[in-house]
Structure formats: C-alpha cells, structure tokens
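So this one's data-v7.cif, mmCIF, C-alpha atoms:
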```cif
data_work
#
loop_
_atom_site.group_PDB
_atom_site.id
_atom_site.type_symbol
_atom_site.label_atom_id
_atom_site.label_comp_id
_atom_site.auth_asym_id
_atom_site.auth_seq_id
_atom_site.Cartn_x
_atom_site.Cartn_y
_atom_site.Cartn_z
ATOM 1 C CA MET A 1 -5.322 -27.421 4.777
ATOM 2 C CA ARG A 2 -2.472 -24.953 5.376
ATOM 3 C CA VAL A 3 -3.505 -22.176 7.761
ATOM 4 C CA ALA A 4 -1.440 -19.256 9.007
ATOM 5 C CA LEU A 5 -2.272 -17.829 12.431
ATOM 6 C CA PHE A 6 -2.115 -14.078 12.971
ATOM 7 C CA VAL A 7 -1.619 -14.055 16.726
ATOM 8 C CA THR A 8 -2.362 -10.321 17.429
ATOM 9 C CA CYS A 9 -0.345 -7.995 19.645
ATOM 10 C CA LEU A 10 -2.542 -8.301 22.716
ATOM 11 C CA VAL A 11 -2.553 -12.092 22.643
ATOM 12 C CA ASP A 12 1.204 -12.205 22.173
ATOM 13 C CA LEU A 13 1.929 -9.738 24.966
ATOM 14 C CA MET A 14 -0.897 -10.259 27.444
ATOM 15 C CA ARG A 15 -2.309 -13.784 27.106
ATOM 16 C CA PRO A 16 -0.275 -16.052 24.818
ATOM 17 C CA ARG A 17 -2.302 -19.090 25.837
ATOM 18 C CA ILE A 18 -5.080 -17.836 23.544
ATOM 19 C CA GLY A 19 -2.727 -18.258 20.601
ATOM 20 C CA PHE A 20 -1.843 -21.800 21.660
ATOM 21 C CA ALA A 21 -5.552 -22.569 22.164
ATOM 22 C CA ALA A 22 -6.289 -21.281 18.665
ATOM 23 C CA ILE A 23 -3.616 -23.593 17.250
ATOM 24 C CA GLU A 24 -5.101 -26.529 19.167
ATOM 25 C CA LEU A 25 -8.558 -25.811 17.750
ATOM 26 C CA LEU A 26 -7.276 -25.462 14.202
ATOM 27 C CA GLU A 27 -5.313 -28.692 14.461
ATOM 28 C CA ALA A 28 -8.398 -30.433 15.859
ATOM 29 C CA ALA A 29 -10.169 -29.318 12.687
ATOM 30 C CA GLY A 30 -7.486 -30.977 10.569
ATOM 31 C CA CYS A 31 -5.433 -27.904 9.709
ATOM 32 C CA HIS A 32 -1.671 -27.641 9.344
ATOM 33 C CA VAL A 33 -0.893 -24.447 11.239
ATOM 34 C CA ILE A 34 2.057 -22.126 10.702
ATOM 35 C CA VAL A 35 2.829 -19.018 12.738
ATOM 36 C CA PRO A 36 5.050 -16.511 10.895
ATOM 37 C CA ALA A 37 7.707 -15.599 13.456
ATOM 38 C CA GLY A 38 8.212 -11.983 12.415
ATOM 39 C CA GLN A 39 4.608 -10.859 12.712
ATOM 40 C CA THR A 40 3.814 -7.905 14.953
ATOM 41 C CA CYS A 41 0.854 -5.498 14.747
ATOM 42 C CA CYS A 42 -1.929 -5.328 12.173
ATOM 43 C CA GLY A 43 -1.719 -1.522 12.291
ATOM 44 C CA GLN A 44 -5.150 -0.892 13.752
ATOM 45 C CA PRO A 45 -4.007 1.528 16.525
ATOM 46 C CA ALA A 46 -2.085 3.633 14.012
ATOM 47 C CA TRP A 47 -4.978 3.667 11.522
ATOM 48 C CA ASN A 48 -7.529 4.580 14.180
ATOM 49 C CA SER A 49 -5.271 7.399 15.374
ATOM 50 C CA GLY A 50 -4.903 8.890 11.891
ATOM 51 C CA ASP A 51 -1.336 7.757 11.184
ATOM 52 C CA ARG A 52 -1.842 6.468 7.668
ATOM 53 C CA ALA A 53 1.865 6.126 6.911
ATOM 54 C CA ALA A 54 2.485 3.827 9.869
ATOM 55 C CA ALA A 55 -0.694 1.852 9.123
ATOM 56 C CA ALA A 56 0.384 1.393 5.487
ATOM 57 C CA ALA A 57 3.872 0.240 6.495
ATOM 58 C CA LEU A 58 2.434 -2.366 8.850
ATOM 59 C CA ALA A 59 -0.137 -3.477 6.264
ATOM 60 C CA LYS A 60 2.651 -4.126 3.740
ATOM 61 C CA LYS A 61 4.601 -6.040 6.364
ATOM 62 C CA VAL A 62 1.627 -8.304 7.092
ATOM 63 C CA ILE A 63 0.919 -8.827 3.397
ATOM 64 C CA ASP A 64 4.512 -9.954 2.825
ATOM 65 C CA GLU A 65 4.520 -12.249 5.854
ATOM 66 C CA PHE A 66 1.299 -14.086 5.034
ATOM 67 C CA VAL A 67 1.993 -15.145 1.479
ATOM 68 C CA GLY A 68 1.478 -18.809 0.643
ATOM 69 C CA SER A 69 -1.213 -20.008 3.046
ATOM 70 C CA ALA A 70 -4.678 -21.011 1.943
ATOM 71 C CA TYR A 71 -6.163 -19.130 4.897
ATOM 72 C CA VAL A 72 -5.137 -16.604 7.525
ATOM 73 C CA VAL A 73 -6.994 -17.021 10.813
ATOM 74 C CA VAL A 74 -7.195 -14.378 13.530
ATOM 75 C CA PRO A 75 -8.488 -14.853 17.118
ATOM 76 C CA SER A 76 -9.877 -11.297 17.088
ATOM 77 C CA GLY A 77 -12.706 -9.781 15.108
ATOM 78 C CA SER A 78 -11.180 -6.310 15.173
ATOM 79 C CA CYS A 79 -7.769 -7.385 13.867
ATOM 80 C CA ALA A 80 -9.379 -9.610 11.232
ATOM 81 C CA ASP A 81 -11.498 -6.639 10.160
ATOM 82 C CA GLN A 82 -8.412 -4.437 9.918
ATOM 83 C CA ILE A 83 -6.699 -6.862 7.553
ATOM 84 C CA ARG A 84 -9.746 -7.835 5.519
ATOM 85 C CA ASN A 85 -11.603 -4.535 5.222
ATOM 86 C CA GLU A 86 -9.171 -1.719 5.958
ATOM 87 C CA TYR A 87 -5.974 -2.752 4.151
ATOM 88 C CA PRO A 88 -7.485 -2.207 0.675
ATOM 89 C CA VAL A 89 -8.562 1.275 1.824
ATOM 90 C CA ILE A 90 -5.221 2.135 3.409
ATOM 91 C CA LEU A 91 -3.339 1.109 0.261
ATOM 92 C CA ALA A 92 -5.821 2.566 -2.235
ATOM 93 C CA ASP A 93 -3.236 4.968 -3.669
ATOM 94 C CA GLU A 94 -0.781 2.159 -4.455
ATOM 95 C CA PRO A 95 -2.444 -0.135 -7.032
ATOM 96 C CA GLU A 96 0.041 -3.009 -6.780
ATOM 97 C CA TRP A 97 -0.154 -3.111 -2.990
ATOM 98 C CA GLN A 98 -3.910 -2.664 -3.016
ATOM 99 C CA ALA A 99 -4.267 -5.668 -5.314
ATOM 100 C CA ARG A 100 -2.178 -7.721 -2.898
ATOM 101 C CA ALA A 101 -4.289 -6.437 0.007
ATOM 102 C CA VAL A 102 -7.488 -7.519 -1.738
ATOM 103 C CA GLU A 103 -6.004 -10.955 -2.415
ATOM 104 C CA LEU A 104 -4.994 -11.348 1.242
ATOM 105 C CA ALA A 105 -8.425 -10.148 2.383
ATOM 106 C CA SER A 106 -10.034 -13.039 0.513
ATOM 107 C CA ARG A 107 -8.125 -15.488 2.735
ATOM 108 C CA VAL A 108 -8.663 -13.822 6.145
ATOM 109 C CA TYR A 109 -11.114 -15.197 8.714
ATOM 110 C CA GLU A 110 -11.912 -14.596 12.347
ATOM 111 C CA LEU A 111 -11.257 -17.777 14.342
ATOM 112 C CA THR A 112 -14.811 -18.889 15.192
ATOM 113 C CA ASP A 113 -16.073 -18.047 11.705
ATOM 114 C CA PHE A 114 -13.338 -20.171 10.189
ATOM 115 C CA LEU A 115 -13.927 -23.107 12.525
ATOM 116 C CA VAL A 116 -17.676 -23.140 11.847
ATOM 117 C CA ASN A 117 -17.967 -22.166 8.190
ATOM 118 C CA VAL A 118 -14.711 -23.306 6.594
ATOM 119 C CA ALA A 119 -13.069 -26.032 8.687
ATOM 120 C CA HIS A 120 -16.378 -27.411 10.041
ATOM 121 C CA LEU A 121 -14.895 -28.374 13.388
ATOM 122 C CA GLY A 122 -16.742 -31.381 14.775
ATOM 123 C CA THR A 123 -15.336 -32.476 18.096
ATOM 124 C CA LEU A 124 -13.919 -29.981 20.537
ATOM 125 C CA PRO A 125 -10.508 -30.722 22.089
ATOM 126 C CA GLY A 126 -11.659 -29.474 25.513
ATOM 127 C CA ASN A 127 -14.277 -30.495 28.055
ATOM 128 C CA PHE A 128 -15.103 -27.255 29.849
ATOM 129 C CA SER A 129 -17.995 -27.465 32.276
ATOM 130 C CA GLY A 130 -19.775 -24.441 33.697
ATOM 131 C CA SER A 131 -22.071 -21.513 32.975
ATOM 132 C CA VAL A 132 -20.972 -18.757 30.599
ATOM 133 C CA THR A 133 -22.337 -15.558 29.129
ATOM 134 C CA TYR A 134 -21.111 -14.249 25.788
ATOM 135 C CA HIS A 135 -20.106 -10.661 24.979
ATOM 136 C CA ASP A 136 -20.403 -9.700 21.306
ATOM 137 C CA SER A 137 -17.523 -7.394 20.407
ATOM 138 C CA CYS A 138 -18.481 -4.374 18.316
ATOM 139 C CA THR A 139 -16.193 -4.813 15.304
ATOM 140 C CA GLY A 140 -16.505 -8.575 15.149
ATOM 141 C CA LEU A 141 -20.286 -8.295 15.221
ATOM 142 C CA ARG A 142 -20.835 -5.340 12.915
ATOM 143 C CA SER A 143 -17.966 -5.640 10.440
ATOM 144 C CA MET A 144 -17.316 -9.390 10.398
ATOM 145 C CA GLY A 145 -20.768 -10.829 11.161
ATOM 146 C CA ILE A 146 -19.592 -12.761 14.205
ATOM 147 C CA LYS A 147 -22.666 -13.683 16.237
ATOM 148 C CA ALA A 148 -23.920 -17.218 15.657
ATOM 149 C CA GLN A 149 -20.494 -18.806 15.156
ATOM 150 C CA PRO A 150 -19.183 -18.657 18.750
ATOM 151 C CA ARG A 151 -22.539 -19.792 20.082
ATOM 152 C CA ALA A 152 -22.548 -22.725 17.675
ATOM 153 C CA LEU A 153 -19.163 -23.794 19.019
ATOM 154 C CA LEU A 154 -20.248 -23.398 22.639
ATOM 155 C CA ALA A 155 -23.278 -25.557 21.853
ATOM 156 C CA LYS A 156 -20.909 -28.407 20.947
ATOM 157 C CA ALA A 157 -19.652 -28.497 24.555
ATOM 158 C CA PRO A 158 -22.081 -30.626 26.618
ATOM 159 C CA GLY A 159 -20.865 -29.133 29.885
ATOM 160 C CA VAL A 160 -21.441 -25.503 28.877
ATOM 161 C CA GLU A 161 -24.578 -23.658 29.947
ATOM 162 C CA LEU A 162 -24.961 -20.428 27.975
ATOM 163 C CA LYS A 163 -26.787 -17.663 29.824
ATOM 164 C CA GLU A 164 -27.401 -14.732 27.496
ATOM 165 C CA MET A 165 -26.928 -11.315 29.074
ATOM 166 C CA ALA A 166 -29.087 -8.273 28.400
ATOM 167 C CA ALA A 167 -27.635 -6.031 25.681
ATOM 168 C CA ALA A 168 -24.975 -8.586 24.725
ATOM 169 C CA GLU A 169 -24.353 -6.635 21.521
ATOM 170 C CA GLU A 170 -23.616 -3.341 23.287
ATOM 171 C CA CYS A 171 -20.061 -2.014 23.577
ATOM 172 C CA CYS A 172 -17.913 -2.861 26.599
ATOM 173 C CA GLY A 173 -16.329 0.598 26.541
ATOM 174 C CA PHE A 174 -12.916 -0.423 25.236
ATOM 175 C CA GLY A 175 -12.892 0.706 21.616
ATOM 176 C CA GLY A 176 -9.102 0.788 21.467
ATOM 177 C CA THR A 177 -7.962 4.393 21.826
ATOM 178 C CA PHE A 178 -11.505 5.422 22.820
ATOM 179 C CA SER A 179 -10.918 4.069 26.320
ATOM 180 C CA VAL A 180 -7.817 6.249 26.604
ATOM 181 C CA LYS A 181 -9.293 9.433 25.147
ATOM 182 C CA PHE A 182 -12.652 9.190 26.917
ATOM 183 C CA GLY A 183 -11.849 7.388 30.143
ATOM 184 C CA GLU A 184 -14.917 8.396 32.168
ATOM 185 C CA ILE A 185 -17.348 7.448 29.410
ATOM 186 C CA SER A 186 -15.503 4.183 28.824
ATOM 187 C CA ALA A 187 -15.620 3.320 32.532
ATOM 188 C CA ALA A 188 -19.380 3.948 32.676
ATOM 189 C CA ILE A 189 -20.004 1.743 29.640
ATOM 190 C CA ALA A 190 -17.817 -0.997 31.116
ATOM 191 C CA ALA A 191 -19.697 -0.854 34.423
ATOM 192 C CA LYS A 192 -22.984 -1.366 32.593
ATOM 193 C CA LYS A 193 -21.562 -4.303 30.662
ATOM 194 C CA CYS A 194 -20.248 -5.911 33.845
ATOM 195 C CA GLY A 195 -23.622 -5.436 35.538
ATOM 196 C CA ASN A 196 -25.479 -7.093 32.670
ATOM 197 C CA ALA A 197 -23.034 -9.982 32.576
ATOM 198 C CA CYS A 198 -23.073 -10.607 36.309
ATOM 199 C CA ALA A 199 -26.874 -10.420 36.442
ATOM 200 C CA THR A 200 -26.982 -13.692 34.489
ATOM 201 C CA GLY A 201 -25.267 -15.536 37.318
ATOM 202 C CA ALA A 202 -22.779 -17.029 34.865
ATOM 203 C CA GLN A 203 -19.440 -18.123 36.245
ATOM 204 C CA THR A 204 -17.488 -16.954 33.193
ATOM 205 C CA ILE A 205 -17.743 -14.067 30.748
ATOM 206 C CA VAL A 206 -16.600 -15.176 27.298
ATOM 207 C CA GLY A 207 -15.707 -13.204 24.196
ATOM 208 C CA GLY A 208 -13.665 -13.267 21.025
ATOM 209 C CA ASP A 209 -11.564 -10.112 21.400
ATOM 210 C CA LEU A 210 -8.929 -9.878 24.102
ATOM 211 C CA GLY A 211 -9.113 -6.072 24.211
ATOM 212 C CA CYS A 212 -12.744 -6.271 25.304
ATOM 213 C CA LEU A 213 -12.004 -9.044 27.762
ATOM 214 C CA LEU A 214 -9.149 -7.156 29.428
ATOM 215 C CA ASN A 215 -11.377 -4.109 29.726
ATOM 216 C CA ILE A 216 -14.245 -6.101 31.250
ATOM 217 C CA GLU A 217 -11.997 -8.012 33.622
ATOM 218 C CA GLY A 218 -10.257 -4.846 34.754
ATOM 219 C CA LYS A 219 -13.583 -3.204 35.554
ATOM 220 C CA LEU A 220 -14.842 -6.274 37.402
ATOM 221 C CA ARG A 221 -11.779 -6.313 39.625
ATOM 222 C CA ARG A 222 -12.013 -2.590 40.336
ATOM 223 C CA LEU A 223 -15.633 -3.150 41.334
ATOM 224 C CA GLY A 224 -14.451 -5.778 43.814
ATOM 225 C CA ASP A 225 -15.496 -8.884 41.877
ATOM 226 C CA GLU A 226 -12.641 -11.380 42.268
ATOM 227 C CA THR A 227 -14.592 -14.513 41.322
ATOM 228 C CA THR A 228 -16.155 -14.022 37.892
ATOM 229 C CA GLN A 229 -13.802 -15.388 35.243
ATOM 230 C CA VAL A 230 -13.217 -13.631 31.911
ATOM 231 C CA ARG A 231 -11.873 -15.829 29.116
ATOM 232 C CA HIS A 232 -11.445 -15.933 25.356
ATOM 233 C CA ILE A 233 -13.649 -18.472 23.612
ATOM 234 C CA ALA A 234 -10.566 -20.361 22.399
ATOM 235 C CA GLU A 235 -9.600 -20.916 26.038
ATOM 236 C CA ILE A 236 -13.061 -22.278 26.841
ATOM 237 C CA LEU A 237 -13.198 -24.632 23.864
ATOM 238 C CA THR A 238 -9.807 -26.165 24.700
ATOM 239 C CA ALA A 239 -10.053 -26.194 28.528
ATOM 240 C CA LYS A 240 -9.339 -29.541 30.162
ATOM 241 C CA GLN A 241 -11.199 -30.223 33.415
#
```
Once more with this new file: its structure as structure tokens, please.
Amino acid sequence: MRVALFVTCLVDLMRPRIGFAAIELLEAAGCHVIVPAGQTCCGQPAWNSGDRAAAAALAKKVIDEFVGSAYVVVPSGSCADQIRNEYPVILADEPEWQARAVELASRVYELTDFLVNVAHLGTLPGNFSGSVTYHDSCTGLRSMGIKAQPRALLAKAPGVELKEMAAAEECCGFGGTFSVKFGEISAAIAAKKCGNACATGAQTIVGGDLGCLLNIEGKLRRLGDETTQVRHIAEILTAKQ
C-alpha cells in the first residue's frame, strides 16, 4: 500500500520526530511511505485569515504534489480537514481544480483514523509504559470524527493507563490565529484545560494535533509545571522504553 505523508508545518519546524514516528507506524502497518520533499503548508492559516488567493495557491501546490499515492495521511486533524473538506470550497470557482481537490479529498486521512480503519494496525512498534490523558482537538473531533481511533490505538499498548480528563472534548484555547487575536481568552481556556488534565494525575497529556499540544505545554510551563509531559500520540505509540 503506497502512502504519502503530509508532514505539516508545525511538525516539520517544531517537532520533526512526530513525522518520523508517523512513518514508523505506517511502515509497521505494512505501508510503503513516501514524503514529497517540496511540501510546505496546507494553507489553513491563510484560509482562516481570509486570504483566499494564498489559500488557493497552496491548495493547488498540495494537489500537484500528492498525485499518485493510494492514500495521503496527515498527523493532524486540522490539516487533514483543510485538505479534505476545505480545498473543494476554496477552489469552487475553478471546476478543473475543484474536481482534482475532490479526488484528493477521497484519499486523505488523519493518522489514527487511517491506522485503525484502513491499515488495521495490529502490533505497535513501541512499548510505552505510563499513565496518559487524551485531549480531543476541536477540528479533528468535530470535522474528522476523531475520537475512538486514538483510544483504540492506546488500548493496544499494555503499559498504557488511560485516565480520561473532565471536558476532554473542550478547546485548549489554541484555535490557530484565535490564540493570537484573543490572547487573554485563549490563556484562560488553556488554563482550564491544563487543570482538567493535571487533575487526572496522568504523567503525560496526549493529543493528535501539535498546535494544541504546544499551546497546552506552554501554559503548563508558565504555570510552573515542569514535570507533566505533553506528547503527540505518534510519539507514544512508537516510544521505546
């Protein structure tokens, strides 16, 4: 099974090991993974900020770069949503490009959804041991239906103890440009999320979107918490201990 990995900007720039962990998981599921070298941004920041021209240019770039793979897998619910659900809207005025966007959308999956429902990953490559609590990212949950999939994968790890936090489905306060435009509100939401997560006593906060995880980790550290770990689910599933 030929799978192309869309790495995402944040993973590439801030935590590349998530991309390598995603490749390890896909290969463990029997996939042949390619990573188009010229890929950059999915265009979500531009689209959310009202710059349709920039968003359309980036959408066309992604469409061209991800031709030829059976599937395109993304370790981020929000970026996967941008490609699958927003590209056909962005390119609605250009029928040929919209048709290509719809075709690409049919091949795009968020990482955990793909591993559970398409690749049917059996044995995890890692052996992480410890207690975790899972944060459901807004776009992944509401636009991509990502809820049971990461928990199903965590359940395959004998050493993982999942401690569900209160209001796991509530926003962490990031919301892309929201956290920049409404800093005080974002900080208050993040503080609530951190409180709910830490109340579980879990050693590690886990999620599927690096933007959320960076926001949560940043708030934890500003609150003086230097011990609680914040990691992408791909990192947990491939961790060697």
Which residues come within 12 Å of region 213-218 of chain A, counting only C-alpha atoms, excluding same-chain residues fewer than 4 positions away, as a compact mmCIF listing (two decimals) with C-alpha atoms, in the frame of the given file?
```
# COMPACT_ATOMS: atom_id res chain seq x y z
CA LEU A 10 -2.54 -8.30 22.72
CA VAL A 11 -2.55 -12.09 22.64
CA MET A 14 -0.90 -10.26 27.44
CA ARG A 15 -2.31 -13.78 27.11
CA ILE A 18 -5.08 -17.84 23.54
CA SER A 76 -9.88 -11.30 17.09
CA TYR A 134 -21.11 -14.25 25.79
CA HIS A 135 -20.11 -10.66 24.98
CA ASP A 136 -20.40 -9.70 21.31
CA SER A 137 -17.52 -7.39 20.41
CA CYS A 171 -20.06 -2.01 23.58
CA CYS A 172 -17.91 -2.86 26.60
CA GLY A 173 -16.33 0.60 26.54
CA PHE A 174 -12.92 -0.42 25.24
CA GLY A 175 -12.89 0.71 21.62
CA GLY A 176 -9.10 0.79 21.47
CA PHE A 178 -11.50 5.42 22.82
CA SER A 179 -10.92 4.07 26.32
CA VAL A 180 -7.82 6.25 26.60
CA GLY A 183 -11.85 7.39 30.14
CA SER A 186 -15.50 4.18 28.82
CA ALA A 187 -15.62 3.32 32.53
CA ALA A 188 -19.38 3.95 32.68
CA ILE A 189 -20.00 1.74 29.64
CA ALA A 190 -17.82 -1.00 31.12
CA ALA A 191 -19.70 -0.85 34.42
CA LYS A 192 -22.98 -1.37 32.59
CA LYS A 193 -21.56 -4.30 30.66
CA CYS A 194 -20.25 -5.91 33.84
CA GLY A 195 -23.62 -5.44 35.54
CA ASN A 196 -25.48 -7.09 32.67
CA ALA A 197 -23.03 -9.98 32.58
CA CYS A 198 -23.07 -10.61 36.31
CA THR A 204 -17.49 -16.95 33.19
CA ILE A 205 -17.74 -14.07 30.75
CA VAL A 206 -16.60 -15.18 27.30
CA GLY A 207 -15.71 -13.20 24.20
CA GLY A 208 -13.66 -13.27 21.02
CA ASP A 209 -11.56 -10.11 21.40
CA ARG A 222 -12.01 -2.59 40.34
CA LEU A 223 -15.63 -3.15 41.33
CA GLY A 224 -14.45 -5.78 43.81
CA ASP A 225 -15.50 -8.88 41.88
CA GLU A 226 -12.64 -11.38 42.27
CA THR A 227 -14.59 -14.51 41.32
CA THR A 228 -16.16 -14.02 37.89
CA GLN A 229 -13.80 -15.39 35.24
CA VAL A 230 -13.22 -13.63 31.91
CA ARG A 231 -11.87 -15.83 29.12
CA HIS A 232 -11.44 -15.93 25.36
CA ILE A 233 -13.65 -18.47 23.61
```
>> Selection in question (the file shown): the PyMOL selection byres ((chain A and resi 84) around 12). Which residues does it include, as a count of residues only?
In response: 37
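Among the candidates A:Met1, A:Ala152, A:Ala157, A:Ile34, the residue lying nearest to Pro125 (chain A) is A:Ala157 (atoms considered: only C-alpha atoms).
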>> Here is a test: counting all atoms listed in the file, which residue of A:Ala21, A:Thr123, A:Ala92, A:Pro150 is nearest to Ala56 (chain A)?
In response: A:Ala92
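Here CA of Gly30 (chain A) and CA of His120 (chain A) stand 9.6 Å from one another.
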> For this file, the PyMOL selection byres ((chain A and resi 41) around 7) selects which residues, as a VMD selection string?
Replying inline: chain A and resid 8 to 9 39 to 40 42 to 43 58
For the residues in the current selection, export C-alpha atoms as a CSV table (one decimal), keeping the file's coordinate frame.
```csv
chain,number,residue,atom,x,y,z
A,8,THR,CA,-2.4,-10.3,17.4
A,9,CYS,CA,-0.3,-8.0,19.6
A,39,GLN,CA,4.6,-10.9,12.7
A,40,THR,CA,3.8,-7.9,15.0
A,42,CYS,CA,-1.9,-5.3,12.2
A,43,GLY,CA,-1.7,-1.5,12.3
A,58,LEU,CA,2.4,-2.4,8.8
```
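Computed from the coordinates, the CA of Gln203 (chain A) to CA of Thr133 (chain A) distance equals 8.1 Å.
Here CA of Glu24 (chain A) stands at a distance of 13.4 Å from CA of Gly122 (chain A).
Once the PyMOL selection byres ((chain A and resi 153) around 9) is applied to the shown structure, the selection contains Thr112, Leu115, Val116, Leu121, Leu124, Ala148, Gln149, Pro150, Arg151, Ala152, Leu154, Ala155, Lys156, Ala157, Ile233 and Leu237 of chain A.
With only C-alpha atoms as the atoms that count, the residue of A:Glu235, A:Ala70, A:Thr177, A:Leu5 with the shortest distance to Asn48 (chain A) is A:Thr177.
Distances here use all atoms listed in the file; by that measure, the residue among A:Ile23, A:Val3, A:Leu91, A:Ala28 closest to Val67 (chain A) is A:Val3.
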